[in-house]
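Chemist: Following this line is input_24.pdb, made up of PDB, C-alpha atoms and all ligand atoms:
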```
ATOM      1  CA  MET A   1       0.000   0.000   0.000  1.00  0.00           C
ATOM      2  CA  THR A   2       2.917   2.404   0.517  1.00  0.00           C
ATOM      3  CA  GLY A   3       2.878   5.138  -2.080  1.00  0.00           C
ATOM      4  CA  MET A   4      -0.548   4.192  -3.381  1.00  0.00           C
ATOM      5  CA  LEU A   5      -2.769   7.189  -3.872  1.00  0.00           C
ATOM      6  CA  ARG A   6      -6.313   6.389  -2.911  1.00  0.00           C
ATOM      7  CA  ALA A   7      -9.278   8.743  -3.072  1.00  0.00           C
ATOM      8  CA  LEU A   8     -12.922   8.575  -2.148  1.00  0.00           C
ATOM      9  CA  PHE A   9     -15.635  10.167  -4.240  1.00  0.00           C
ATOM     10  CA  PRO A  10     -18.782  10.262  -2.118  1.00  0.00           C
ATOM     11  CA  GLY A  11     -22.216  11.377  -3.268  1.00  0.00           C
ATOM     12  CA  SER A  12     -25.911  10.654  -3.598  1.00  0.00           C
ATOM     13  CA  PHE A  13     -25.767   9.983  -7.350  1.00  0.00           C
ATOM     14  CA  ASP A  14     -29.552  10.326  -7.529  1.00  0.00           C
ATOM     15  CA  PRO A  15     -29.263   9.874 -10.447  1.00  0.00           C
ATOM     16  CA  PRO A  16     -25.701   9.630 -11.770  1.00  0.00           C
ATOM     17  CA  SER A  17     -24.969  12.313 -14.368  1.00  0.00           C
ATOM     18  CA  HIS A  18     -22.256  13.082 -16.897  1.00  0.00           C
ATOM     19  CA  GLY A  19     -20.984  15.633 -14.368  1.00  0.00           C
ATOM     20  CA  HIS A  20     -20.285  12.865 -11.834  1.00  0.00           C
ATOM     21  CA  LEU A  21     -18.729  10.616 -14.456  1.00  0.00           C
ATOM     22  CA  ASN A  22     -16.518  13.404 -15.729  1.00  0.00           C
ATOM     23  CA  ILE A  23     -15.053  13.832 -12.232  1.00  0.00           C
ATOM     24  CA  ILE A  24     -14.527  10.065 -11.933  1.00  0.00           C
ATOM     25  CA  HIS A  25     -12.869   9.942 -15.340  1.00  0.00           C
ATOM     26  CA  ARG A  26     -10.459  12.721 -14.418  1.00  0.00           C
ATOM     27  CA  ILE A  27      -9.543  11.478 -10.948  1.00  0.00           C
ATOM     28  CA  SER A  28      -9.103   7.906 -12.136  1.00  0.00           C
ATOM     29  CA  SER A  29      -6.004   8.987 -14.044  1.00  0.00           C
ATOM     30  CA  ILE A  30      -4.556  10.875 -11.071  1.00  0.00           C
ATOM     31  CA  TYR A  31      -5.149   8.410  -8.231  1.00  0.00           C
ATOM     32  CA  ASP A  32      -4.211   4.739  -8.171  1.00  0.00           C
ATOM     33  CA  GLU A  33      -7.482   3.708  -6.591  1.00  0.00           C
ATOM     34  CA  ILE A  34     -10.860   5.380  -6.405  1.00  0.00           C
ATOM     35  CA  ASP A  35     -13.660   4.370  -4.091  1.00  0.00           C
ATOM     36  CA  VAL A  36     -16.974   5.802  -5.170  1.00  0.00           C
ATOM     37  CA  VAL A  37     -19.255   5.832  -2.139  1.00  0.00           C
ATOM     38  CA  VAL A  38     -22.996   5.879  -2.706  1.00  0.00           C
ATOM     39  CA  ALA A  39     -24.475   7.556   0.346  1.00  0.00           C
ATOM     40  CA  THR A  40     -27.666   6.215   1.814  1.00  0.00           C
ATOM     41  CA  ASN A  41     -28.846   8.815   4.261  1.00  0.00           C
ATOM     42  CA  PRO A  42     -32.023   7.580   6.005  1.00  0.00           C
ATOM     43  CA  GLU A  43     -33.150  11.202   6.465  1.00  0.00           C
ATOM     44  CA  LYS A  44     -33.113  11.876   2.726  1.00  0.00           C
ATOM     45  CA  GLN A  45     -35.776  11.094   0.142  1.00  0.00           C
ATOM     46  CA  TYR A  46     -34.229   9.596  -2.974  1.00  0.00           C
ATOM     47  CA  THR A  47     -35.764   9.055  -6.402  1.00  0.00           C
ATOM     48  CA  PHE A  48     -33.624   5.968  -6.936  1.00  0.00           C
ATOM     49  CA  ASP A  49     -33.246   3.652  -3.970  1.00  0.00           C
ATOM     50  CA  ALA A  50     -29.825   2.719  -2.632  1.00  0.00           C
ATOM     51  CA  ASP A  51     -29.567  -0.533  -4.578  1.00  0.00           C
ATOM     52  CA  GLU A  52     -30.555   1.118  -7.866  1.00  0.00           C
ATOM     53  CA  ARG A  53     -27.965   3.864  -7.387  1.00  0.00           C
ATOM     54  CA  LEU A  54     -25.312   1.303  -6.475  1.00  0.00           C
ATOM     55  CA  GLU A  55     -26.115  -0.831  -9.503  1.00  0.00           C
ATOM     56  CA  LEU A  56     -26.145   2.148 -11.877  1.00  0.00           C
ATOM     57  CA  MET A  57     -22.851   3.463 -10.553  1.00  0.00           C
ATOM     58  CA  ARG A  58     -21.261  -0.005 -10.761  1.00  0.00           C
ATOM     59  CA  THR A  59     -22.340  -0.340 -14.385  1.00  0.00           C
ATOM     60  CA  LEU A  60     -21.133   3.154 -15.274  1.00  0.00           C
ATOM     61  CA  CYS A  61     -17.779   2.751 -13.521  1.00  0.00           C
ATOM     62  CA  ASP A  62     -17.150  -0.686 -14.981  1.00  0.00           C
ATOM     63  CA  PRO A  63     -14.814   0.670 -17.714  1.00  0.00           C
ATOM     64  CA  TYR A  64     -12.383   1.877 -15.033  1.00  0.00           C
ATOM     65  CA  ASP A  65     -10.156  -0.839 -13.589  1.00  0.00           C
ATOM     66  CA  ASN A  66      -9.188   1.255 -10.587  1.00  0.00           C
ATOM     67  CA  VAL A  67     -12.667   2.391  -9.545  1.00  0.00           C
ATOM     68  CA  ARG A  68     -14.774   0.493  -7.050  1.00  0.00           C
ATOM     69  CA  VAL A  69     -18.277   1.390  -5.937  1.00  0.00           C
ATOM     70  CA  HIS A  70     -19.614   0.944  -2.411  1.00  0.00           C
ATOM     71  CA  GLN A  71     -22.686   1.762  -0.394  1.00  0.00           C
ATOM     72  CA  TRP A  72     -22.474   3.481   2.977  1.00  0.00           C
ATOM     73  CA  ASP A  73     -25.033   4.770   5.456  1.00  0.00           C
ATOM     74  CA  ARG A  74     -22.804   6.304   8.101  1.00  0.00           C
ATOM     75  CA  LEU A  75     -20.299   9.153   8.237  1.00  0.00           C
ATOM     76  CA  ILE A  76     -18.076   9.298   5.191  1.00  0.00           C
ATOM     77  CA  VAL A  77     -14.994   9.922   7.336  1.00  0.00           C
ATOM     78  CA  GLU A  78     -15.674   6.570   9.016  1.00  0.00           C
ATOM     79  CA  PHE A  79     -15.621   4.890   5.638  1.00  0.00           C
ATOM     80  CA  ALA A  80     -12.348   6.643   4.807  1.00  0.00           C
ATOM     81  CA  GLU A  81     -10.829   5.509   8.086  1.00  0.00           C
ATOM     82  CA  GLN A  82     -11.998   1.950   7.535  1.00  0.00           C
ATOM     83  CA  VAL A  83     -10.417   1.619   4.095  1.00  0.00           C
ATOM     84  CA  GLY A  84      -7.357   3.736   4.919  1.00  0.00           C
ATOM     85  CA  ALA A  85      -8.100   6.563   2.478  1.00  0.00           C
ATOM     86  CA  ARG A  86      -6.922  10.084   3.311  1.00  0.00           C
ATOM     87  CA  VAL A  87      -8.361  12.020   0.416  1.00  0.00           C
ATOM     88  CA  MET A  88     -11.950  12.801  -0.380  1.00  0.00           C
ATOM     89  CA  ILE A  89     -12.849  14.454  -3.677  1.00  0.00           C
ATOM     90  CA  ARG A  90     -15.808  16.797  -4.087  1.00  0.00           C
ATOM     91  CA  GLY A  91     -16.822  18.338  -7.376  1.00  0.00           C
ATOM     92  CA  VAL A  92     -17.733  22.011  -7.423  1.00  0.00           C
ATOM     93  CA  ARG A  93     -19.807  23.815  -9.983  1.00  0.00           C
ATOM     94  CA  ALA A  94     -20.808  27.367  -9.185  1.00  0.00           C
ATOM     95  CA  LEU A  95     -19.692  29.527  -6.300  1.00  0.00           C
ATOM     96  CA  SER A  96     -22.914  28.583  -4.525  1.00  0.00           C
ATOM     97  CA  ASP A  97     -21.689  24.961  -4.345  1.00  0.00           C
ATOM     98  CA  PHE A  98     -18.480  26.141  -2.843  1.00  0.00           C
ATOM     99  CA  GLU A  99     -20.081  27.693   0.214  1.00  0.00           C
ATOM    100  CA  TYR A 100     -21.812  24.454   1.139  1.00  0.00           C
ATOM    101  CA  GLU A 101     -18.876  22.270   0.230  1.00  0.00           C
ATOM    102  CA  PHE A 102     -16.486  24.443   2.196  1.00  0.00           C
ATOM    103  CA  GLU A 103     -18.633  24.109   5.310  1.00  0.00           C
ATOM    104  CA  LEU A 104     -18.937  20.365   4.816  1.00  0.00           C
ATOM    105  CA  SER A 105     -15.177  20.043   4.507  1.00  0.00           C
ATOM    106  CA  MET A 106     -14.763  21.919   7.811  1.00  0.00           C
ATOM    107  CA  ILE A 107     -17.211  19.567   9.493  1.00  0.00           C
ATOM    108  CA  ASN A 108     -15.422  16.518   8.138  1.00  0.00           C
ATOM    109  CA  LYS A 109     -12.064  17.941   9.139  1.00  0.00           C
ATOM    110  CA  GLY A 110     -13.424  18.407  12.652  1.00  0.00           C
ATOM    111  CA  LEU A 111     -14.561  14.801  12.714  1.00  0.00           C
ATOM    112  CA  ASN A 112     -11.295  13.431  11.406  1.00  0.00           C
ATOM    113  CA  PRO A 113      -8.363  15.784  10.798  1.00  0.00           C
ATOM    114  CA  ARG A 114      -6.378  13.091   8.971  1.00  0.00           C
ATOM    115  CA  ILE A 115      -8.751  13.178   6.026  1.00  0.00           C
ATOM    116  CA  GLU A 116      -8.434  15.953   3.459  1.00  0.00           C
ATOM    117  CA  THR A 117     -11.126  17.209   1.110  1.00  0.00           C
ATOM    118  CA  ILE A 118      -9.953  18.168  -2.356  1.00  0.00           C
ATOM    119  CA  PHE A 119     -12.199  20.197  -4.638  1.00  0.00           C
ATOM    120  CA  MET A 120     -12.262  19.594  -8.336  1.00  0.00           C
ATOM    121  CA  PRO A 121     -13.964  22.140 -10.566  1.00  0.00           C
ATOM    122  CA  THR A 122     -16.509  20.791 -12.968  1.00  0.00           C
ATOM    123  CA  ASP A 123     -15.874  20.727 -16.677  1.00  0.00           C
ATOM    124  CA  SER A 124     -17.583  23.744 -18.243  1.00  0.00           C
ATOM    125  CA  LYS A 125     -19.811  21.387 -20.268  1.00  0.00           C
ATOM    126  CA  TYR A 126     -21.393  20.156 -17.041  1.00  0.00           C
ATOM    127  CA  PHE A 127     -21.635  23.433 -15.227  1.00  0.00           C
ATOM    128  CA  VAL A 128     -25.408  23.397 -15.039  1.00  0.00           C
ATOM    129  CA  LEU A 129     -25.921  19.698 -14.357  1.00  0.00           C
ATOM    130  CA  ARG A 130     -27.736  19.193 -11.115  1.00  0.00           C
ATOM    131  CA  SER A 131     -29.608  16.042 -10.139  1.00  0.00           C
ATOM    132  CA  SER A 132     -32.714  17.955  -9.050  1.00  0.00           C
ATOM    133  CA  ALA A 133     -32.920  19.808 -12.386  1.00  0.00           C
ATOM    134  CA  ILE A 134     -32.398  16.572 -14.327  1.00  0.00           C
ATOM    135  CA  LYS A 135     -35.295  14.918 -12.483  1.00  0.00           C
ATOM    136  CA  GLU A 136     -37.528  17.931 -12.993  1.00  0.00           C
ATOM    137  CA  LEU A 137     -36.754  17.970 -16.715  1.00  0.00           C
ATOM    138  CA  ALA A 138     -37.470  14.239 -16.976  1.00  0.00           C
ATOM    139  CA  ARG A 139     -40.838  14.778 -15.282  1.00  0.00           C
ATOM    140  CA  LEU A 140     -41.674  17.418 -17.871  1.00  0.00           C
ATOM    141  CA  ASP A 141     -40.530  15.195 -20.771  1.00  0.00           C
ATOM    142  CA  GLY A 142     -37.562  17.448 -21.482  1.00  0.00           C
ATOM    143  CA  ASP A 143     -34.517  16.165 -23.308  1.00  0.00           C
ATOM    144  CA  ILE A 144     -32.018  14.840 -20.765  1.00  0.00           C
ATOM    145  CA  SER A 145     -29.978  12.787 -23.216  1.00  0.00           C
ATOM    146  CA  ARG A 146     -26.946  15.059 -23.019  1.00  0.00           C
ATOM    147  CA  MET A 147     -27.015  15.232 -19.245  1.00  0.00           C
ATOM    148  CA  VAL A 148     -27.043  11.615 -18.203  1.00  0.00           C
ATOM    149  CA  PRO A 149     -25.865   8.301 -19.666  1.00  0.00           C
ATOM    150  CA  ASP A 150     -28.453   6.388 -21.725  1.00  0.00           C
ATOM    151  CA  ILE A 151     -29.204   3.800 -19.052  1.00  0.00           C
ATOM    152  CA  VAL A 152     -29.966   6.562 -16.570  1.00  0.00           C
ATOM    153  CA  ALA A 153     -32.217   8.367 -19.049  1.00  0.00           C
ATOM    154  CA  GLU A 154     -34.158   5.144 -19.624  1.00  0.00           C
ATOM    155  CA  ARG A 155     -34.562   4.448 -15.912  1.00  0.00           C
ATOM    156  CA  LEU A 156     -35.735   7.992 -15.300  1.00  0.00           C
ATOM    157  CA  LYS A 157     -38.311   7.752 -18.075  1.00  0.00           C
ATOM    158  CA  GLU A 158     -39.606   4.483 -16.591  1.00  0.00           C
ATOM    159  CA  LYS A 159     -39.920   6.144 -13.199  1.00  0.00           C
ATOM    160  CA  VAL A 160     -41.840   9.073 -14.650  1.00  0.00           C
ATOM    161  CA  LYS A 161     -44.208   6.703 -16.464  1.00  0.00           C
ATOM    162  CA  ARG A 162     -44.763   4.595 -13.362  1.00  0.00           C
ATOM    163  CA  ALA A 163     -45.429   7.690 -11.272  1.00  0.00           C
ATOM    164  CA  ARG A 164     -47.991   8.873 -13.820  1.00  0.00           C
ATOM    165  CA  ARG A 165     -49.724   5.482 -13.835  1.00  0.00           C
ATOM    166  CA  THR A 166     -50.016   5.435 -10.076  1.00  0.00           C
ATOM    167  CA  GLY A 167     -50.893   9.124 -10.100  1.00  0.00           C
ATOM    168  CA  SER A 168     -48.444   9.720  -7.304  1.00  0.00           C
ATOM    169  CA  ASP A 169     -46.459  12.529  -8.841  1.00  0.00           C
TER     170      ASP A 169
HETATM  171  P1  LIG B   1     -24.319  15.003  -2.530  1.00  0.00           P
HETATM  172  O1  LIG B   1     -25.714  14.766  -2.047  1.00  0.00           O
HETATM  173  O2  LIG B   1     -23.273  14.350  -1.671  1.00  0.00           O
HETATM  174  O3  LIG B   1     -23.981  16.419  -2.856  1.00  0.00           O
HETATM  175  P2  LIG B   1     -24.366  14.526  -5.400  1.00  0.00           P
HETATM  176  O4  LIG B   1     -24.680  13.234  -6.077  1.00  0.00           O
HETATM  177  O5  LIG B   1     -25.266  15.674  -5.619  1.00  0.00           O
HETATM  178  O6  LIG B   1     -24.227  14.153  -3.865  1.00  0.00           O
HETATM  179  O7  LIG B   1     -22.887  14.956  -5.798  1.00  0.00           O
HETATM  180  C1  LIG B   1     -21.789  14.128  -5.571  1.00  0.00           C
HETATM  181  C2  LIG B   1     -20.514  14.883  -5.930  1.00  0.00           C
HETATM  182  O8  LIG B   1     -20.483  15.154  -7.312  1.00  0.00           O
HETATM  183  C3  LIG B   1     -20.411  16.225  -5.214  1.00  0.00           C
HETATM  184  O9  LIG B   1     -19.062  16.466  -4.919  1.00  0.00           O
HETATM  185  C4  LIG B   1     -20.915  17.192  -6.250  1.00  0.00           C
HETATM  186  O10 LIG B   1     -20.383  18.482  -6.083  1.00  0.00           O
HETATM  187  C5  LIG B   1     -20.373  16.544  -7.518  1.00  0.00           C
HETATM  188  N1  LIG B   1     -21.146  16.919  -8.702  1.00  0.00           N
HETATM  189  C6  LIG B   1     -22.473  16.835  -8.910  1.00  0.00           C
HETATM  190  N2  LIG B   1     -22.816  17.289 -10.137  1.00  0.00           N
HETATM  191  C7  LIG B   1     -21.659  17.686 -10.722  1.00  0.00           C
HETATM  192  C8  LIG B   1     -21.320  18.291 -11.990  1.00  0.00           C
HETATM  193  N3  LIG B   1     -22.246  18.582 -12.904  1.00  0.00           N
HETATM  194  N4  LIG B   1     -20.017  18.548 -12.220  1.00  0.00           N
HETATM  195  C9  LIG B   1     -19.084  18.269 -11.286  1.00  0.00           C
HETATM  196  N5  LIG B   1     -19.329  17.734 -10.083  1.00  0.00           N
HETATM  197  C10 LIG B   1     -20.589  17.446  -9.804  1.00  0.00           C
END
```
For the file at hand, write its structure as structure tokens.

Modeler:
Amino acid sequence: MTGMLRALFPGSFDPPSHGHLNIIHRISSIYDEIDVVVATNPEKQYTFDADERLELMRTLCDPYDNVRVHQWDRLIVEFAEQVGARVMIRGVRALSDFEYEFELSMINKGLNPRIETIFMPTDSKYFVLRSSAIKELARLDGDISRMVPDIVAERLKEKVKRARRTGSD
């Protein structure tokens, strides 16, 4: 393990977007090992349940030999400690992201000072990609094909259809 650079990339990935995958693509050539951590916060309402998000992320990260995908429902710093990772990557889009992310990094630093957060700016192509906007667009039958991978677009369309059938959304 000596000299191996290992990084975590935690997130909700609800759903995974090209913005997430772009970050993974870029960090996979910098770090030796990447652990993508799909967060399952019991307080949060997700569109895709934990197993769906895990499965989608596993499929999408399959092309990368050095990327593994996990599920975790506790503090991310605990996961980092458990696997011996010292770096956590967070993607940032606009300045508004930064404020929240900066605070979060302070909290995590307070919980475990050994673990560093590193911010990676989004690619300009994905500047406006936000999971909530993608879901809203899908609900309104907007074109999301450039925002998310095909399998995600299909799953989202199925969800919208199902919600319409049950009249629950
Ligand atoms: P969380 O609920 O932890 O914020 P998200 O799935 O929304 O989970 O995001 C996971 C990570 O991916 C975060 O670091 C977020 O800033 C980053 N991210 C989300 N969308 C983009 C994007 N379009 N470009 C770059 N990074 C992004």

Chemist: Which residue gives the smallest distance to ligand LIG 1 (chain B) among A:Arg165, A:His20, A:Lys44, A:Lys125, with only C-alpha atoms and all ligand atoms counted?

Modeler: A:His20

Chemist: Enter the distance from CA of Gln82 (chain A) to CA of Ile107 (chain A), in Å, rounded to one decimal.

Modeler: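 For CA of Gln82 (chain A) relative to CA of Ile107 (chain A), the distance reads 18.5 Å.
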
Chemist: Which residues are close to Ala80 (chain A), i.e. within 10 Å by all atoms listed in the file, leaving aside same-chain residues fewer than 4 positions away? Reply as a ChimeraX atom specification.

Modeler: /A:6-8,35,37,75-76,84-88,112,114-115

Chemist: Could you please extract the residues within 8 Å of ligand LIG 1 (chain B), counting all atoms listed in the file, and hand them back as a VMD selection string?

Modeler: chain A and resid 9 to 20 22 to 23 39 89 to 93 97 101 119 to 123 126 to 131

Chemist: If you apply the PyMOL selection byres (((chain A and resi 32) around 7) and not hetatm) to this file, what residues do you get, as number ranges by chain?

Modeler: A: 4-6, 30-31, 33-34, 66

Chemist: May I ask which of the residues A:Ile118, A:Leu56, A:Val67, A:Ala133 is the closest one to Glu154 (chain A), counting all atoms listed in the file?

Modeler: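 The answer is A:Leu56, which sits nearest to Glu154 (chain A).
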
Chemist: Could you check the closest approach to Thr47 (chain A) for each of A:His25, A:Arg162, A:Arg146, A:Lys135 and tell me which residue wins, using all atoms listed in the file?

Modeler: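 Smallest distance to Thr47 (chain A) is found for A:Lys135.
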
Chemist: Near Asn41 (chain A), counting all atoms listed in the file, which residues have an atom at most 10 Å away, once you skip same-chain residues fewer than 3 positions from it, shown as a list in words?

Modeler: Ser12, Val38, Lys44, Gln45, Tyr46, Ala50, Trp72, Asp73, Arg74 and Leu75 of chain A

Chemist: Return the single residue from A:Ile144, A:Ile134, A:Ile27, A:Met106 that is closest to Tyr64 (chain A), with distances computed using only C-alpha atoms.

Modeler: A:Ile27
